[in-house]
Structures are given as structure tokens and as C-alpha cells.
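All remarks here apply to the structure that follows.
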Amino acid sequence: MSPLLFEGNLLLSLLLFTMGILGVVWKRNAIAVFLSVELMLNAANLAIVSFAHAHGLMSGGILALFIMTVAAAEAGVGLAIFIALFRAKQNIHVDEVDLMRG
Amino acid sequence: MFDLFYYLIFALTVLGAGLVLFTRDTVKSAMALILVMVCLAVNFLMMQNEFVALIQIIIYAGAIMVVFLFVVMLLNLREREQAPWYLRDARFWGGALALAFFLLAAFGVKTFAAAQIAGGHPIVHEPSDVTSIATSLVTFWVLPFLLTSVILLVAVIGAVAMARRQDEDGNEITIDTE
């Protein structure tokens with residue numbers, strides 16, 4: 001395990017995660033927000049696999065598989081919500097969905 | 001050679017993430033995300049983790065992104081009006097907080113993570129090829145593995161229940177095929 005790969009991957013994971021946060025905060029289209037969430041999930045996966053690889057463990061790959069399963073379930077349900085939302089409002093701008101705002 | 005290739009993949013990943021962030025067209029954004037995922041798969045391969053690289057391509061770039069593109073196509077969104085004024089403030093403070101997070105976490109990575117690897121836990125060398133991961137998945141990890149099928153089933157039922165078309169009384173509208 002070269003130190004370049006480990007520290008570089010942690011930095012890359014951090015960069016991707018921050019860009020995902022920025023996407024979630026800046027984007028107005030709900031699908032674009034969701035794409036940014038996927039970016040953050042990918043960053044988390046990268047960090048997990050690099051840590052596991054640095055320790056010589058294989059369970060990182062198994063954890064990554066579970067994360068991907070949850071991401072797939074989340075994408076299916078989330079996109080179904082967007083379709084229902086689009087039917088009700090004719091757009092999916094995140095700032096216009098404030099029914100449950102406290 | 002290895003280092004050069006690593007930096008190339010690193011730059012390509014960041015470029016793809018930047019495109020996801022700064023492209024207004026959702027389809028192009030999704031394509032840029034596919035670029036990021038393929039680059040990450042190459043990165044996983046460089047860590048000798050073929051299993052994760054393969055499922056990254058097959059599940060993420062193959063399955064999940066197709067669902068995204070399908071919904072983008074189905075909704076056919078057009079960005080018409082400018083974002084309202086109150087979003088400007090939210091964007092500024094959100095960006096500032098994200099920057100603060102980045103600096104804090106970069107400090108944490110630089111300070112603790114490297115030290116932990118250098119002198120912390122003993123490093124074992126488990127094989128991470130597809131066969132050993134598959135064996136471990138149906139022996140030690142069998143209960144979580146089976147629970148993922150429950151998650152997927154619930155997600156499928158929930159997605160179908162939410163996205164189906166209803167009239168005002170909540171009755172299902174069936175498509176007339178005649």
C-alpha cells in the first residue's frame with residue numbers, strides 16, 4: 001500500500017463529499033440534488049474501501065456492497081417521490097416543496 | 001508510471017464532480033456522474049479490489065444511473081425562471097459551511113488518519129478477490145446479506161405505490177389499451 005494511494009484517496013473522497021454538499025445546497029432541481037447525494041455516497045464508499053485496503057481487510061468491499069444496495073433502494077423510492085411530486089406541482093423545485101416545514 | 005496514472009485518474013474524478021456541480025442540464029450532470037463512477041472503479045482496481053470495481057460499474061453506472069436518466073426523460077424538465085432572491089443567501093451560507101467542513105475534515109485527515117495507519121492497528125492481509133468476498137458474504141455476513149433483499153423488496157413496493165397514477169378518490173387509473 002503506497003502512502004500516496006491512501007492519503008490521495010482520502011483527499012479525493014473529501015473533495016467529492018464537499019462537492020456533493022455544495023450540489024445539495026446550491027441546486028434547485030430535485031434530481032440534481034439527488035445526483036449530488038449519489039456523489040456523496042460514492043465518496044463515502046471510496047473512503048471505506050481505502051481504509052479497509054490500508055488495514056489489509058476485505059470487509060470494506062462487503063460494506064461497499066451494502067451501501068450500494070441502500071443507494072439503489074433510495075434512488076428507486078426517491079425518484080418515485082419526484083414523479084408523484086411532478087404530477088402534483090408540474091415542477092420539482094426543492095424550494096417550493098414546503099408542506100412539512102415547521 | 002503508477003503515480004502519474006493515479007494523478008490522471010484523480011484529476012479526471014475531480015473534473016467529473018465539478019461538471020456534476022456546475023452543469024445546469026440534468027442529463028449532462030448524470031453523464032458527468034457516470035464519469036466519476038468509472039474513475040472510482042479504476043481507483044478501486046488500483047487498490048486490488050476487483051469486486052468493488054465491478055459492482056461499481058454494474059450497479060451504480062449501469063443500474064442506478066439508468067433509472068436516473070429514465071426519470072429525467074420522463075419528467076422532461078425545463079428551467080424557465082431565475083432562482084428567487086431568498087436562495088442567494090442560502091447558497092452563500094451553505095457554501096461557507098461546506099468550505100468550513102472541508103477545511104476541518106482535511107485537517108482531521110492530515111493529523112489523525114495518517115498517524116493511525118502508521119502506528120495504530122496491526123495490518124492483516126486478508127485476500128480481497130471475488131471468491132473470498134463471495135464466500136464471506138454467504139457465511140459470516142449472511143444475515144445482513146439476506147436483509148438487503150428485504151430492503152430492496154420494500155423499496156420496490158414503496159416506489160410502485162407512490163408513483164402510480166390515482167384519481168381524486170384514490171382509485172387506480174388503468175391505462176386503456178384499446
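Chain labels A, B, ... are given in the sequence in which chains occur in the C-alpha cells; within each chain residues are numbered consecutively from 1, and ligands are likewise numbered from 1 in the order shown.
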**Request:** Skip Leu35 in chain B itself and residues of its chain fewer than 4 positions away, then list as JSON, numbers by chain all residues within 9 Å of it, counting only C-alpha atoms.
**Result:** {"B": [12, 13, 16, 17, 30, 31, 39, 40, 61]}
Distance-based interface of chain B with chain A, 6 Å, counting only C-alpha atoms, as a PDB file with N, CA and C atoms, in the first residue's frame:
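As a result, selection.pdb now contains:
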ATOM      1  N   LEU B  21     -21.449  19.385 -10.575  1.00  0.00           N
ATOM      2  CA  LEU B  21     -21.837  20.530  -9.757  1.00  0.00           C
ATOM      3  C   LEU B  21     -22.256  21.720 -10.615  1.00  0.00           C
ATOM      4  N   VAL B  52     -15.337  -4.639  -5.821  1.00  0.00           N
ATOM      5  CA  VAL B  52     -15.983  -3.326  -5.683  1.00  0.00           C
ATOM      6  C   VAL B  52     -15.969  -2.590  -7.015  1.00  0.00           C
ATOM      7  N   ARG B  91     -27.544  29.926  -0.494  1.00  0.00           N
ATOM      8  CA  ARG B  91     -26.414  29.383  -1.234  1.00  0.00           C
ATOM      9  C   ARG B  91     -25.095  29.874  -0.652  1.00  0.00           C
ATOM     10  N   GLY B  94     -24.581  28.136   2.768  1.00  0.00           N
ATOM     11  CA  GLY B  94     -24.329  26.719   2.522  1.00  0.00           C
ATOM     12  C   GLY B  94     -22.926  26.492   1.989  1.00  0.00           C
ATOM     13  N   ILE B 123      -1.674  -4.489  10.827  1.00  0.00           N
ATOM     14  CA  ILE B 123      -2.176  -4.666   9.461  1.00  0.00           C
ATOM     15  C   ILE B 123      -2.227  -6.159   9.141  1.00  0.00           C
ATOM     16  N   VAL B 124      -3.427  -6.642   8.844  1.00  0.00           N
ATOM     17  CA  VAL B 124      -3.587  -8.034   8.419  1.00  0.00           C
ATOM     18  C   VAL B 124      -3.630  -8.047   6.902  1.00  0.00           C
ATOM     19  N   HIS B 125      -3.542  -9.214   6.323  1.00  0.00           N
ATOM     20  CA  HIS B 125      -3.598  -9.282   4.862  1.00  0.00           C
ATOM     21  C   HIS B 125      -4.622 -10.318   4.430  1.00  0.00           C
ATOM     22  N   GLU B 126      -5.881  -9.943   4.530  1.00  0.00           N
ATOM     23  CA  GLU B 126      -6.921 -10.819   4.007  1.00  0.00           C
ATOM     24  C   GLU B 126      -6.966 -10.703   2.495  1.00  0.00           C
ATOM     25  N   SER B 128      -8.635 -10.104  -0.997  1.00  0.00           N
ATOM     26  CA  SER B 128      -9.843  -9.354  -1.336  1.00  0.00           C
ATOM     27  C   SER B 128     -10.300  -9.662  -2.762  1.00  0.00           C
ATOM     28  N   LEU B 152     -34.617  -4.144  -0.531  1.00  0.00           N
ATOM     29  CA  LEU B 152     -34.936  -3.942  -1.950  1.00  0.00           C
ATOM     30  C   LEU B 152     -36.410  -4.205  -2.220  1.00  0.00           C
ATOM     31  N   ALA B 155     -38.398  -1.313  -0.971  1.00  0.00           N
ATOM     32  CA  ALA B 155     -38.198  -0.161  -1.858  1.00  0.00           C
ATOM     33  C   ALA B 155     -39.018  -0.306  -3.132  1.00  0.00           C
ATOM     34  N   ALA B 159     -41.889   2.267  -4.114  1.00  0.00           N
ATOM     35  CA  ALA B 159     -41.784   3.045  -5.345  1.00  0.00           C
ATOM     36  C   ALA B 159     -43.029   2.879  -6.201  1.00  0.00           C
ATOM     37  N   MET B 162     -46.018   4.694  -4.647  1.00  0.00           N
ATOM     38  CA  MET B 162     -46.014   6.149  -4.707  1.00  0.00           C
ATOM     39  C   MET B 162     -46.155   6.687  -6.114  1.00  0.00           C
ATOM     40  N   ALA B 163     -45.604   6.002  -7.086  1.00  0.00           N
ATOM     41  CA  ALA B 163     -45.558   6.572  -8.429  1.00  0.00           C
ATOM     42  C   ALA B 163     -46.786   6.232  -9.265  1.00  0.00           C
TER      43      ALA B 163
END
**Request:** Would you mind writing down, as an NGL selection string, each residue of chain B that DSSP on the backbone assigns to alpha helix (DSSP H)?
**Result:** :B and (2-22 or 26-46 or 50-55 or 65-75 or 86-108 or 114-119 or 130-137 or 142-163)
Can I get the selection written as a compact mmCIF listing (two decimals), in the first residue's frame, with C-alpha atoms?
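In the end it all went to again33.txt:
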# COMPACT_ATOMS: atom_id res chain seq x y z
CA PHE B 2 1.80 4.31 -11.37
CA ASP B 3 1.87 7.73 -9.70
CA LEU B 4 1.29 9.53 -12.98
CA PHE B 5 -1.68 7.30 -13.79
CA TYR B 6 -3.06 7.86 -10.28
CA TYR B 7 -2.85 11.65 -10.63
CA LEU B 8 -4.54 11.43 -14.03
CA ILE B 9 -7.46 9.44 -12.57
CA PHE B 10 -7.59 11.82 -9.59
CA ALA B 11 -7.84 14.85 -11.88
CA LEU B 12 -10.47 13.17 -14.05
CA THR B 13 -12.59 12.32 -11.00
CA VAL B 14 -12.47 15.88 -9.68
CA LEU B 15 -13.25 17.20 -13.17
CA GLY B 16 -16.29 14.92 -13.38
CA ALA B 17 -17.51 16.01 -9.94
CA GLY B 18 -17.07 19.64 -10.95
CA LEU B 19 -19.15 19.03 -14.05
CA VAL B 20 -21.88 17.42 -11.90
CA LEU B 21 -21.84 20.53 -9.76
CA PHE B 22 -21.73 23.25 -12.42
CA THR B 26 -29.54 17.31 -15.67
CA VAL B 27 -28.68 14.79 -18.41
CA LYS B 28 -25.14 16.17 -18.74
CA SER B 29 -24.89 16.19 -14.95
CA ALA B 30 -25.81 12.49 -14.86
CA MET B 31 -23.26 11.73 -17.60
CA ALA B 32 -20.56 13.52 -15.59
CA LEU B 33 -21.54 11.43 -12.56
CA ILE B 34 -21.07 8.28 -14.67
CA LEU B 35 -17.56 9.56 -15.48
CA VAL B 36 -16.88 9.95 -11.74
CA MET B 37 -18.12 6.42 -11.07
CA VAL B 38 -15.96 4.87 -13.80
CA CYS B 39 -12.90 6.74 -12.47
CA LEU B 40 -13.67 5.49 -8.96
CA ALA B 41 -13.91 1.95 -10.35
CA VAL B 42 -10.40 2.36 -11.80
CA ASN B 43 -9.30 3.64 -8.39
CA PHE B 44 -10.75 0.51 -6.74
CA LEU B 45 -8.88 -1.62 -9.26
CA MET B 46 -5.65 0.15 -8.29
CA GLU B 50 -11.89 -6.05 -8.34
CA PHE B 51 -15.19 -6.91 -6.67
CA VAL B 52 -15.98 -3.33 -5.68
CA ALA B 53 -14.81 -2.06 -9.07
CA LEU B 54 -17.16 -4.49 -10.83
CA ILE B 55 -20.23 -3.71 -8.73
CA MET B 65 -27.88 5.91 -13.38
CA VAL B 66 -30.20 4.33 -15.95
CA VAL B 67 -33.10 4.86 -13.52
CA PHE B 68 -32.00 8.50 -13.10
CA LEU B 69 -31.82 9.08 -16.85
CA PHE B 70 -35.18 7.39 -17.31
CA VAL B 71 -36.84 9.71 -14.77
CA VAL B 72 -35.16 12.78 -16.32
CA MET B 73 -36.56 11.71 -19.68
CA LEU B 74 -39.99 11.02 -18.19
CA LEU B 75 -40.34 14.38 -16.46
CA TYR B 86 -34.01 34.09 -0.79
CA LEU B 87 -31.99 31.25 -2.32
CA ARG B 88 -28.94 33.53 -2.78
CA ASP B 89 -28.40 33.85 0.98
CA ALA B 90 -28.96 30.14 1.49
CA ARG B 91 -26.41 29.38 -1.23
CA PHE B 92 -23.81 31.69 0.28
CA TRP B 93 -24.11 30.28 3.80
CA GLY B 94 -24.33 26.72 2.52
CA GLY B 95 -21.15 27.23 0.51
CA ALA B 96 -19.39 28.77 3.50
CA LEU B 97 -20.39 25.85 5.73
CA ALA B 98 -19.25 23.33 3.10
CA LEU B 99 -15.88 25.09 2.91
CA ALA B 100 -15.61 25.02 6.71
CA PHE B 101 -16.41 21.29 6.66
CA PHE B 102 -13.75 20.71 4.01
CA LEU B 103 -11.04 22.53 5.96
CA LEU B 104 -11.92 20.81 9.23
CA ALA B 105 -12.04 17.34 7.68
CA ALA B 106 -8.81 17.94 5.72
CA PHE B 107 -7.13 18.88 8.99
CA GLY B 108 -8.52 15.71 10.57
CA ALA B 114 -2.13 9.02 8.56
CA ALA B 115 -0.93 8.56 12.13
CA GLN B 116 -3.49 5.85 12.74
CA ILE B 117 -2.30 3.89 9.73
CA ALA B 118 1.36 4.43 10.63
CA GLY B 119 1.28 3.20 14.20
CA VAL B 130 -14.06 -12.06 -5.71
CA THR B 131 -14.03 -15.65 -4.44
CA SER B 132 -13.13 -14.82 -0.83
CA ILE B 133 -15.59 -11.92 -0.71
CA ALA B 134 -18.35 -14.16 -2.07
CA THR B 135 -17.52 -16.89 0.46
CA SER B 136 -17.52 -14.42 3.33
CA LEU B 137 -20.79 -12.94 2.08
CA VAL B 142 -25.20 -13.95 5.56
CA LEU B 143 -27.78 -12.19 7.78
CA PRO B 144 -27.05 -8.64 6.52
CA PHE B 145 -26.87 -10.05 3.00
CA LEU B 146 -30.35 -11.53 3.32
CA LEU B 147 -31.67 -8.33 4.93
CA THR B 148 -30.65 -6.36 1.83
CA SER B 149 -33.21 -8.37 -0.12
CA VAL B 150 -35.89 -7.17 2.34
CA ILE B 151 -34.74 -3.57 1.82
CA LEU B 152 -34.94 -3.94 -1.95
CA LEU B 153 -38.39 -5.56 -1.77
CA VAL B 154 -39.73 -2.77 0.46
CA ALA B 155 -38.20 -0.16 -1.86
CA VAL B 156 -39.83 -1.74 -4.92
CA ILE B 157 -43.25 -1.86 -3.23
CA GLY B 158 -42.87 1.71 -1.96
CA ALA B 159 -41.78 3.05 -5.35
CA VAL B 160 -44.69 1.39 -7.16
CA ALA B 161 -47.18 2.54 -4.52
CA MET B 162 -46.01 6.15 -4.71
CA ALA B 163 -45.56 6.57 -8.43
